[in-house]
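Here is the structure we will look at.
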Amino acid sequence: MRIDLHTHSTVSDGTGTPAQVMREAAEAGLHIVALTDHDSVDGWEEAAATAADAGLGFVPGIEVSCRHHGISIHLLSYWHRPDDDQVATMLSLTREARVQRAREIVDKVAVDYPVTWEAVADLAGDAATVGRPHIADALVAQGVVPTRDEAFTDILGGNSRYYVPHYAPEVTDAVRTMSAAGGVTVFAHPGADARGRIVTTSVIESMARAGLVGLEIDHRDHDERQRDRLARIAARLGLVRTGASDYHGTGKRNELGENLTDPKAFIALEKARAAGRPSAVN
Ligand code: AMP
Ligand code: ZN
Ligand code: FE
Ligand code: FE
């Protein structure tokens with residue numbers, strides 16, 4: 001059983017439509033796949049329909065942008081009620097802030113490189129959630145850099161002088177909000193220290209107290225040492241160990257199924273969902 005619980009589509013910063021991602025997942029030999037676009041659930045319906053046609057198990061998910069003392073945190077949530085008022089409000093605030101912030105980054109980058117907001121907006125198309133990868137696409141289109149990845153090396157990375165953060169909810173609030181809406185939450189790539197600052201173990205403990213169910217340990221941004229450290233934390237706090245590709249289509253090296261969630265871990269997530277109170281399930 002091959003289970004991949006973290007993928008992106010054109011609803012956010014992936015390059016394939018939700019239907020394309022599901023078809024590729026079936027072709028890649030996956031059995032269960034989650035669509036987890038940044039801060040939007042707009043892809044759920046299309047993905048669910050295509051997954052059903054392809055005989056693929058579909059898990060509706062999201063990757064919620066959060067913060068803790070200025071550190072950016074990504075929180076995966078699965079199966080939450082998409083029409084929950086608090087969830088909808090939280091996500092729309094973030095999506096609006098992301099547009100403003102993308103414009104600010106473009107203004108700064110435009111001092112040194114040929115990029116305009118119009119070009120970025122055009123490339124983002126009808127994406128619900130705008131992100132730095134769309135700015136990267138504009139830089140690629142202008143021949144400034146050859147790939148999305150390389151746009152992040154100097155220009156768009158978290159340590160760049162062009163970087164601007166955006167509003168995002170405090171992570172423990174987000175865990176509570178998603179859990180209250182029936183979501184099963186998993187801390188995405190909690191040890192991805194090459195991308196930016198990561199939180200201390202005590203923040204993971206606070207998240208666990210708020211209802212966090214799992215840690216995404218098997219992810220390409222974690223080396224063996226980081227995986228071992230996180231596995232010890234997961235065991236101590238009774239958190240489920242998950243794994244996933246964080247697939248974004250072309251332009252990023254991540255391949256569907258490159259990291260997987262163990263079927264036993266998936267059953268633990270389903271149990272947390274059934275319990276409806278993820279904090280009570282360990
Ligand atoms: P944003 O959501 O606008 O802050 O941009 C973050 C997104 O950019 C991540 O979800 C990744 O898809 C992508 N990203 C972040 N760092 C890198 C990197 N070093 N190389 C390629 N893509 C990256
Ligand atoms: Zn992304
Ligand atoms: Fe992420
Ligand atoms: Fe992601």
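Just so we're on the same page: first chain in the structure tokens is A, next is B, and so on; residues restart at 1 for each chain, and ligands are numbered from 1 in the order they show up.
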(message) I'd like the contact shell of Leu256 in chain A - 12 Å cut-off, only C-alpha atoms, skipping same-chain residues fewer than 5 positions apart - returned as a PyMOL selection string.
(response) chain A and resi 2-8+21-35+219-220+243-250
Quick one: which chain A residues come within 8 Å of ligand 2, and what is the nearest atom pair for each with the distance in Å to one decimal, counting only C-alpha atoms and all ligand atoms, rows ordered by chain and ascending number, as a Markdown table?
```
| residue | atom | partner | partner_atom_place_in_ligand_line | distance |
| --- | --- | --- | --- | --- |
| A:His8 | CA | ligand 2 | 1 (Zn) | 6.5 |
| A:Ser12 | CA | ligand 2 | 1 (Zn) | 7.0 |
| A:Asp13 | CA | ligand 2 | 1 (Zn) | 5.2 |
| A:Gly14 | CA | ligand 2 | 1 (Zn) | 6.6 |
| A:Asp37 | CA | ligand 2 | 1 (Zn) | 7.3 |
| A:His38 | CA | ligand 2 | 1 (Zn) | 6.4 |
| A:Gly131 | CA | ligand 2 | 1 (Zn) | 7.4 |
| A:Pro133 | CA | ligand 2 | 1 (Zn) | 7.4 |
| A:Asp246 | CA | ligand 2 | 1 (Zn) | 7.7 |
| A:His248 | CA | ligand 2 | 1 (Zn) | 6.6 |
```
Dump of C-alpha atoms for the selected residues, as a PDB file, in the first residue's frame:
```pdb
ATOM      1  CA  HIS A   8       0.141  20.629  -4.496  1.00  0.00           C
ATOM      2  CA  SER A  12      -1.775  27.003  -5.039  1.00  0.00           C
ATOM      3  CA  ASP A  13       1.807  26.702  -6.289  1.00  0.00           C
ATOM      4  CA  GLY A  14       1.843  23.276  -7.956  1.00  0.00           C
ATOM      5  CA  ASP A  37      -2.726  22.989  -1.434  1.00  0.00           C
ATOM      6  CA  HIS A  38      -1.534  26.003   0.543  1.00  0.00           C
ATOM      7  CA  GLY A 131       3.151  32.256  -3.445  1.00  0.00           C
ATOM      8  CA  PRO A 133       6.891  30.091  -6.752  1.00  0.00           C
ATOM      9  CA  ASP A 246       5.373  17.450  -1.087  1.00  0.00           C
ATOM     10  CA  HIS A 248       4.676  20.454  -6.737  1.00  0.00           C
TER      11      HIS A 248
END
```
Within 10 Å of ligand 3, counting only C-alpha atoms and all ligand atoms: which residues, as a compact mmCIF listing (two decimals) with N, CA and C atoms, in the first residue's frame?
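That gives us pocket_39.txt:
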```txt
# COMPACT_ATOMS: atom_id res chain seq x y z
N HIS A 6 0.88 14.50 0.84
CA HIS A 6 1.23 15.92 0.72
C HIS A 6 1.56 16.24 -0.73
N THR A 7 0.62 16.88 -1.43
CA THR A 7 0.84 17.27 -2.83
C THR A 7 0.17 18.63 -3.10
N HIS A 8 0.66 19.31 -4.13
CA HIS A 8 0.14 20.63 -4.50
C HIS A 8 -0.29 20.67 -5.96
N THR A 36 -3.01 18.72 -0.82
CA THR A 36 -2.81 19.64 0.31
C THR A 36 -2.32 20.99 -0.18
N ASP A 37 -3.15 21.68 -0.94
CA ASP A 37 -2.73 22.99 -1.43
C ASP A 37 -2.58 23.97 -0.27
N HIS A 38 -1.73 24.96 -0.47
CA HIS A 38 -1.53 26.00 0.54
C HIS A 38 -2.83 26.81 0.72
N GLU A 63 -2.53 22.60 3.40
CA GLU A 63 -1.31 22.97 4.12
C GLU A 63 -1.53 24.42 4.57
N VAL A 64 -1.76 24.58 5.86
CA VAL A 64 -2.10 25.89 6.42
C VAL A 64 -0.81 26.64 6.78
N SER A 65 -0.66 27.86 6.26
CA SER A 65 0.48 28.71 6.63
C SER A 65 0.25 29.22 8.04
N SER A 72 8.12 30.69 10.25
CA SER A 72 7.06 30.17 9.39
C SER A 72 6.88 28.67 9.64
N ILE A 73 5.64 28.25 9.82
CA ILE A 73 5.33 26.84 10.08
C ILE A 73 4.22 26.41 9.13
N HIS A 74 4.33 25.21 8.59
CA HIS A 74 3.28 24.67 7.73
C HIS A 74 2.56 23.54 8.46
N LEU A 75 1.26 23.64 8.50
CA LEU A 75 0.44 22.65 9.21
C LEU A 75 -0.48 21.95 8.22
N LEU A 76 -0.33 20.64 8.10
CA LEU A 76 -1.24 19.86 7.25
C LEU A 76 -2.49 19.54 8.05
N PHE A 187 2.10 18.23 11.56
CA PHE A 187 3.11 19.29 11.38
C PHE A 187 3.94 18.92 10.14
N ALA A 188 3.87 19.75 9.09
CA ALA A 188 4.60 19.50 7.84
C ALA A 188 6.09 19.81 8.01
N HIS A 189 6.92 18.95 7.46
CA HIS A 189 8.40 19.12 7.47
C HIS A 189 8.90 19.94 8.67
N PRO A 190 8.69 19.44 9.88
CA PRO A 190 9.04 20.23 11.08
C PRO A 190 10.54 20.47 11.26
N ALA A 192 12.80 21.10 8.62
CA ALA A 192 13.39 21.56 7.36
C ALA A 192 14.24 22.80 7.60
N ARG A 195 15.65 25.46 4.80
CA ARG A 195 14.74 26.43 4.20
C ARG A 195 14.58 27.70 5.02
N ASP A 246 5.48 15.98 -0.93
CA ASP A 246 5.37 17.45 -1.09
C ASP A 246 5.53 17.79 -2.57
```
(message) List as a PyMOL selection string the protein and nucleic acid residues near Gly276 in chain A, meaning an atom at most 10 Å away when only C-alpha atoms are counted, but skip any in the same chain fewer than 4 places from it.
(response) chain A and resi 80+179-184+270-272+280-281
Taking N, CA and C atoms for each residue, export the selection above as a PDB file, in the first residue's frame.
```
ATOM      1  N   HIS A  80     -10.924  18.007   7.369  1.00  0.00           N
ATOM      2  CA  HIS A  80     -11.710  19.007   8.104  1.00  0.00           C
ATOM      3  C   HIS A  80     -12.919  19.445   7.267  1.00  0.00           C
ATOM      4  N   SER A 179      -8.716  21.394  14.230  1.00  0.00           N
ATOM      5  CA  SER A 179      -9.225  20.242  14.987  1.00  0.00           C
ATOM      6  C   SER A 179     -10.707  20.417  15.285  1.00  0.00           C
ATOM      7  N   ALA A 180     -11.096  21.639  15.664  1.00  0.00           N
ATOM      8  CA  ALA A 180     -12.504  21.905  15.991  1.00  0.00           C
ATOM      9  C   ALA A 180     -13.389  21.700  14.767  1.00  0.00           C
ATOM     10  N   ALA A 181     -12.801  21.849  13.580  1.00  0.00           N
ATOM     11  CA  ALA A 181     -13.563  21.638  12.339  1.00  0.00           C
ATOM     12  C   ALA A 181     -13.448  20.189  11.860  1.00  0.00           C
ATOM     13  N   GLY A 182     -12.990  19.301  12.738  1.00  0.00           N
ATOM     14  CA  GLY A 182     -12.907  17.884  12.388  1.00  0.00           C
ATOM     15  C   GLY A 182     -11.624  17.491  11.681  1.00  0.00           C
ATOM     16  N   GLY A 183     -10.664  18.403  11.621  1.00  0.00           N
ATOM     17  CA  GLY A 183      -9.419  18.104  10.921  1.00  0.00           C
ATOM     18  C   GLY A 183      -8.460  17.268  11.752  1.00  0.00           C
ATOM     19  N   VAL A 184      -7.678  16.457  11.074  1.00  0.00           N
ATOM     20  CA  VAL A 184      -6.588  15.702  11.692  1.00  0.00           C
ATOM     21  C   VAL A 184      -5.306  16.409  11.270  1.00  0.00           C
ATOM     22  N   GLU A 270      -6.782   7.809  10.564  1.00  0.00           N
ATOM     23  CA  GLU A 270      -8.225   7.571  10.381  1.00  0.00           C
ATOM     24  C   GLU A 270      -8.935   7.402  11.720  1.00  0.00           C
ATOM     25  N   LYS A 271      -8.259   6.774  12.664  1.00  0.00           N
ATOM     26  CA  LYS A 271      -8.850   6.614  14.003  1.00  0.00           C
ATOM     27  C   LYS A 271      -9.013   7.966  14.670  1.00  0.00           C
ATOM     28  N   ALA A 272      -8.010   8.830  14.515  1.00  0.00           N
ATOM     29  CA  ALA A 272      -8.090  10.179  15.095  1.00  0.00           C
ATOM     30  C   ALA A 272      -9.249  10.932  14.461  1.00  0.00           C
ATOM     31  N   ALA A 280      -7.507  13.573  21.929  1.00  0.00           N
ATOM     32  CA  ALA A 280      -7.760  12.455  22.816  1.00  0.00           C
ATOM     33  C   ALA A 280      -7.162  11.154  22.280  1.00  0.00           C
ATOM     34  N   VAL A 281      -6.650  11.185  21.078  1.00  0.00           N
ATOM     35  CA  VAL A 281      -6.145   9.953  20.461  1.00  0.00           C
ATOM     36  C   VAL A 281      -4.625   9.981  20.394  1.00  0.00           C
TER      37      VAL A 281
END
```
Please return, as a short mmCIF file (atom, residue, chain, number, x, y, z; two decimals) with N, CA, C and O atoms, in the first residue's frame, all residues of range 65-209 of chain A that DSSP assigns to helix (DSSP H, G or I) on the basis of the backbone.
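Printed below is result21.cif as written:
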```cif
data_model
loop_
_atom_site.label_atom_id
_atom_site.label_comp_id
_atom_site.auth_asym_id
_atom_site.auth_seq_id
_atom_site.Cartn_x
_atom_site.Cartn_y
_atom_site.Cartn_z
N ASP A 85 -16.86 28.05 9.49
CA ASP A 85 -16.68 29.51 9.43
C ASP A 85 -15.31 29.97 9.90
O ASP A 85 -14.70 30.83 9.29
N GLN A 86 -14.87 29.40 11.00
CA GLN A 86 -13.57 29.85 11.54
C GLN A 86 -12.42 29.48 10.62
O GLN A 86 -11.48 30.26 10.45
N VAL A 87 -12.52 28.29 10.05
CA VAL A 87 -11.49 27.87 9.10
C VAL A 87 -11.51 28.79 7.88
O VAL A 87 -10.46 29.30 7.45
N ALA A 88 -12.70 29.04 7.35
CA ALA A 88 -12.81 29.87 6.14
C ALA A 88 -12.27 31.28 6.38
O ALA A 88 -11.57 31.84 5.53
N THR A 89 -12.59 31.85 7.56
CA THR A 89 -12.10 33.20 7.87
C THR A 89 -10.58 33.22 7.98
O THR A 89 -9.90 34.09 7.42
N MET A 90 -10.05 32.26 8.72
CA MET A 90 -8.59 32.19 8.91
C MET A 90 -7.87 32.09 7.56
O MET A 90 -6.91 32.82 7.30
N LEU A 91 -8.37 31.23 6.69
CA LEU A 91 -7.69 31.03 5.41
C LEU A 91 -7.83 32.23 4.49
O LEU A 91 -6.89 32.57 3.76
N SER A 92 -8.99 32.90 4.52
CA SER A 92 -9.13 34.02 3.59
C SER A 92 -8.25 35.18 4.02
O SER A 92 -7.70 35.89 3.18
N LEU A 93 -8.06 35.36 5.34
CA LEU A 93 -7.13 36.39 5.81
C LEU A 93 -5.72 36.11 5.27
O LEU A 93 -5.03 37.01 4.79
N THR A 94 -5.31 34.86 5.36
CA THR A 94 -3.97 34.50 4.89
C THR A 94 -3.84 34.69 3.39
O THR A 94 -2.85 35.25 2.91
N ARG A 95 -4.84 34.26 2.64
CA ARG A 95 -4.74 34.39 1.17
C ARG A 95 -4.65 35.85 0.75
O ARG A 95 -3.88 36.21 -0.14
N GLU A 96 -5.43 36.71 1.42
CA GLU A 96 -5.38 38.15 1.09
C GLU A 96 -4.00 38.71 1.45
O GLU A 96 -3.42 39.48 0.68
N ALA A 97 -3.50 38.34 2.62
CA ALA A 97 -2.18 38.83 3.03
C ALA A 97 -1.10 38.37 2.07
O ALA A 97 -0.13 39.08 1.80
N ARG A 98 -1.26 37.18 1.52
CA ARG A 98 -0.27 36.64 0.58
C ARG A 98 -0.19 37.46 -0.70
O ARG A 98 0.89 37.63 -1.27
N VAL A 99 -1.32 37.96 -1.16
CA VAL A 99 -1.32 38.78 -2.39
C VAL A 99 -0.56 40.07 -2.12
O VAL A 99 0.32 40.46 -2.89
N GLN A 100 -0.88 40.74 -1.02
CA GLN A 100 -0.22 41.98 -0.66
C GLN A 100 1.29 41.76 -0.53
O GLN A 100 2.11 42.51 -1.04
N ARG A 101 1.65 40.69 0.15
CA ARG A 101 3.06 40.38 0.38
C ARG A 101 3.78 40.05 -0.93
O ARG A 101 4.93 40.44 -1.14
N ALA A 102 3.11 39.33 -1.83
CA ALA A 102 3.74 39.01 -3.12
C ALA A 102 4.02 40.30 -3.89
O ALA A 102 5.07 40.46 -4.52
N ARG A 103 3.09 41.26 -3.81
CA ARG A 103 3.29 42.56 -4.48
C ARG A 103 4.50 43.27 -3.88
O ARG A 103 5.28 43.89 -4.61
N GLU A 104 4.64 43.19 -2.55
CA GLU A 104 5.78 43.85 -1.89
C GLU A 104 7.10 43.20 -2.30
O GLU A 104 8.09 43.89 -2.56
N ILE A 105 7.11 41.87 -2.37
CA ILE A 105 8.34 41.19 -2.81
C ILE A 105 8.66 41.61 -4.25
O ILE A 105 9.81 41.93 -4.58
N VAL A 106 7.65 41.63 -5.11
CA VAL A 106 7.86 42.01 -6.51
C VAL A 106 8.42 43.42 -6.59
O VAL A 106 9.37 43.67 -7.36
N ASP A 107 7.89 44.34 -5.80
CA ASP A 107 8.41 45.72 -5.80
C ASP A 107 9.89 45.75 -5.47
O ASP A 107 10.66 46.50 -6.07
N LYS A 108 10.29 44.96 -4.49
CA LYS A 108 11.70 44.95 -4.08
C LYS A 108 12.58 44.29 -5.15
O LYS A 108 13.64 44.80 -5.50
N VAL A 109 12.12 43.14 -5.66
CA VAL A 109 12.92 42.43 -6.66
C VAL A 109 13.03 43.25 -7.95
O VAL A 109 14.07 43.26 -8.61
N TRP A 117 4.30 42.89 -11.31
CA TRP A 117 3.18 42.21 -10.65
C TRP A 117 2.23 41.63 -11.70
O TRP A 117 1.71 40.54 -11.52
N GLU A 118 2.06 42.34 -12.81
CA GLU A 118 1.14 41.86 -13.85
C GLU A 118 1.61 40.50 -14.38
O GLU A 118 0.81 39.59 -14.58
N ALA A 119 2.92 40.37 -14.59
CA ALA A 119 3.46 39.10 -15.10
C ALA A 119 3.25 37.98 -14.08
O ALA A 119 2.88 36.85 -14.43
N VAL A 120 3.46 38.30 -12.81
CA VAL A 120 3.29 37.29 -11.76
C VAL A 120 1.83 36.87 -11.67
O VAL A 120 1.50 35.67 -11.64
N ALA A 121 0.94 37.86 -11.66
CA ALA A 121 -0.50 37.56 -11.55
C ALA A 121 -0.95 36.73 -12.75
O ALA A 121 -1.76 35.80 -12.60
N ASP A 122 -0.41 37.03 -13.91
CA ASP A 122 -0.75 36.29 -15.12
C ASP A 122 -0.33 34.83 -14.98
O ASP A 122 -1.08 33.91 -15.30
N LEU A 123 0.89 34.61 -14.47
CA LEU A 123 1.40 33.24 -14.31
C LEU A 123 0.68 32.50 -13.20
O LEU A 123 0.51 31.28 -13.27
N ALA A 124 0.24 33.21 -12.18
CA ALA A 124 -0.51 32.56 -11.11
C ALA A 124 -1.88 32.12 -11.63
O ALA A 124 -2.50 31.20 -11.08
N ARG A 132 5.53 32.56 -3.51
CA ARG A 132 6.81 32.90 -4.14
C ARG A 132 7.09 32.10 -5.41
O ARG A 132 7.72 32.61 -6.34
N PRO A 133 6.63 30.82 -5.50
CA PRO A 133 6.89 30.09 -6.75
C PRO A 133 6.31 30.79 -7.98
O PRO A 133 6.86 30.67 -9.08
N HIS A 134 5.23 31.56 -7.81
CA HIS A 134 4.68 32.29 -8.96
C HIS A 134 5.61 33.44 -9.37
O HIS A 134 5.73 33.77 -10.54
N ILE A 135 6.25 34.05 -8.37
CA ILE A 135 7.24 35.09 -8.68
C ILE A 135 8.44 34.43 -9.38
O ILE A 135 8.99 34.96 -10.34
N ALA A 136 8.80 33.24 -8.89
CA ALA A 136 9.88 32.48 -9.52
C ALA A 136 9.57 32.23 -10.99
O ALA A 136 10.44 32.39 -11.85
N ASP A 137 8.33 31.88 -11.28
CA ASP A 137 7.95 31.61 -12.68
C ASP A 137 8.16 32.84 -13.56
O ASP A 137 8.58 32.73 -14.71
N ALA A 138 7.86 34.02 -13.00
CA ALA A 138 8.05 35.26 -13.78
C ALA A 138 9.54 35.49 -14.04
O ALA A 138 9.92 35.95 -15.12
N LEU A 139 10.38 35.15 -13.07
CA LEU A 139 11.84 35.31 -13.25
C LEU A 139 12.36 34.30 -14.27
O LEU A 139 13.25 34.61 -15.06
N VAL A 140 11.79 33.10 -14.26
CA VAL A 140 12.17 32.09 -15.25
C VAL A 140 11.75 32.56 -16.64
O VAL A 140 12.52 32.50 -17.60
N ALA A 141 10.54 33.09 -16.74
CA ALA A 141 10.02 33.56 -18.04
C ALA A 141 10.90 34.67 -18.62
O ALA A 141 11.05 34.78 -19.84
N ARG A 148 12.56 27.30 -11.18
CA ARG A 148 11.95 27.75 -9.94
C ARG A 148 12.92 27.58 -8.78
O ARG A 148 13.12 28.49 -7.98
N ASP A 149 13.51 26.38 -8.73
CA ASP A 149 14.44 26.07 -7.64
C ASP A 149 15.53 27.12 -7.54
O ASP A 149 15.86 27.61 -6.46
N GLU A 150 16.10 27.48 -8.70
CA GLU A 150 17.22 28.42 -8.69
C GLU A 150 16.79 29.84 -8.34
O GLU A 150 17.58 30.63 -7.84
N ALA A 151 15.53 30.14 -8.56
CA ALA A 151 15.03 31.46 -8.15
C ALA A 151 15.08 31.60 -6.63
O ALA A 151 15.21 32.70 -6.09
N PHE A 152 14.99 30.44 -5.94
CA PHE A 152 15.01 30.48 -4.48
C PHE A 152 16.42 30.56 -3.91
O PHE A 152 16.59 30.92 -2.75
N THR A 153 17.42 30.21 -4.72
CA THR A 153 18.78 30.19 -4.20
C THR A 153 19.20 31.56 -3.66
O THR A 153 19.63 31.67 -2.51
N ASP A 154 19.05 32.59 -4.49
CA ASP A 154 19.49 33.92 -4.06
C ASP A 154 18.35 34.92 -3.92
O ASP A 154 18.32 35.72 -3.00
N VAL A 171 0.46 29.17 15.37
CA VAL A 171 0.30 27.74 15.01
C VAL A 171 -0.61 26.96 15.97
O VAL A 171 -1.39 26.12 15.53
N THR A 172 -0.54 27.24 17.28
CA THR A 172 -1.41 26.48 18.19
C THR A 172 -2.88 26.85 17.96
O THR A 172 -3.77 26.01 18.09
N ASP A 173 -3.13 28.13 17.60
CA ASP A 173 -4.51 28.52 17.26
C ASP A 173 -4.99 27.76 16.03
O ASP A 173 -6.14 27.31 15.96
N ALA A 174 -4.10 27.64 15.05
CA ALA A 174 -4.47 26.93 13.82
C ALA A 174 -4.75 25.46 14.10
O ALA A 174 -5.69 24.88 13.56
N VAL A 175 -3.95 24.84 14.97
CA VAL A 175 -4.19 23.44 15.33
C VAL A 175 -5.59 23.31 15.94
O VAL A 175 -6.37 22.43 15.57
N ARG A 176 -5.92 24.24 16.85
CA ARG A 176 -7.24 24.19 17.50
C ARG A 176 -8.37 24.43 16.51
O ARG A 176 -9.38 23.74 16.53
N THR A 177 -8.18 25.42 15.64
CA THR A 177 -9.22 25.75 14.66
C THR A 177 -9.48 24.58 13.71
O THR A 177 -10.63 24.22 13.45
N MET A 178 -8.41 23.98 13.21
CA MET A 178 -8.58 22.87 12.27
C MET A 178 -9.16 21.64 12.99
O MET A 178 -10.02 20.96 12.44
N SER A 179 -8.72 21.39 14.23
CA SER A 179 -9.23 20.24 14.99
C SER A 179 -10.71 20.42 15.28
O SER A 179 -11.50 19.46 15.18
N ALA A 180 -11.10 21.64 15.66
CA ALA A 180 -12.50 21.90 15.99
C ALA A 180 -13.39 21.70 14.77
O ALA A 180 -14.58 21.41 14.90
N THR A 201 11.61 22.02 20.19
CA THR A 201 10.77 20.90 20.62
C THR A 201 9.60 21.39 21.47
O THR A 201 8.51 20.82 21.42
N SER A 202 9.82 22.44 22.25
CA SER A 202 8.74 22.89 23.15
C SER A 202 7.54 23.39 22.35
O SER A 202 6.39 23.29 22.82
N VAL A 203 7.76 23.91 21.15
CA VAL A 203 6.62 24.34 20.32
C VAL A 203 5.85 23.11 19.83
O VAL A 203 4.61 23.11 19.79
N ILE A 204 6.57 22.05 19.50
CA ILE A 204 5.89 20.80 19.09
C ILE A 204 5.06 20.28 20.27
O ILE A 204 3.93 19.81 20.10
N GLU A 205 5.59 20.42 21.48
CA GLU A 205 4.84 19.99 22.67
C GLU A 205 3.56 20.82 22.83
O GLU A 205 2.49 20.27 23.13
N SER A 206 3.66 22.13 22.61
CA SER A 206 2.45 22.99 22.69
C SER A 206 1.44 22.59 21.63
O SER A 206 0.23 22.57 21.88
N MET A 207 1.93 22.29 20.45
CA MET A 207 1.02 21.88 19.37
C MET A 207 0.35 20.56 19.73
O MET A 207 -0.84 20.37 19.48
N ALA A 208 1.11 19.64 20.33
CA ALA A 208 0.54 18.35 20.74
C ALA A 208 -0.58 18.58 21.77
O ALA A 208 -1.64 17.96 21.70
N ARG A 209 -0.32 19.48 22.71
CA ARG A 209 -1.37 19.78 23.71
C ARG A 209 -2.60 20.40 23.06
O ARG A 209 -3.71 20.24 23.54
#
```
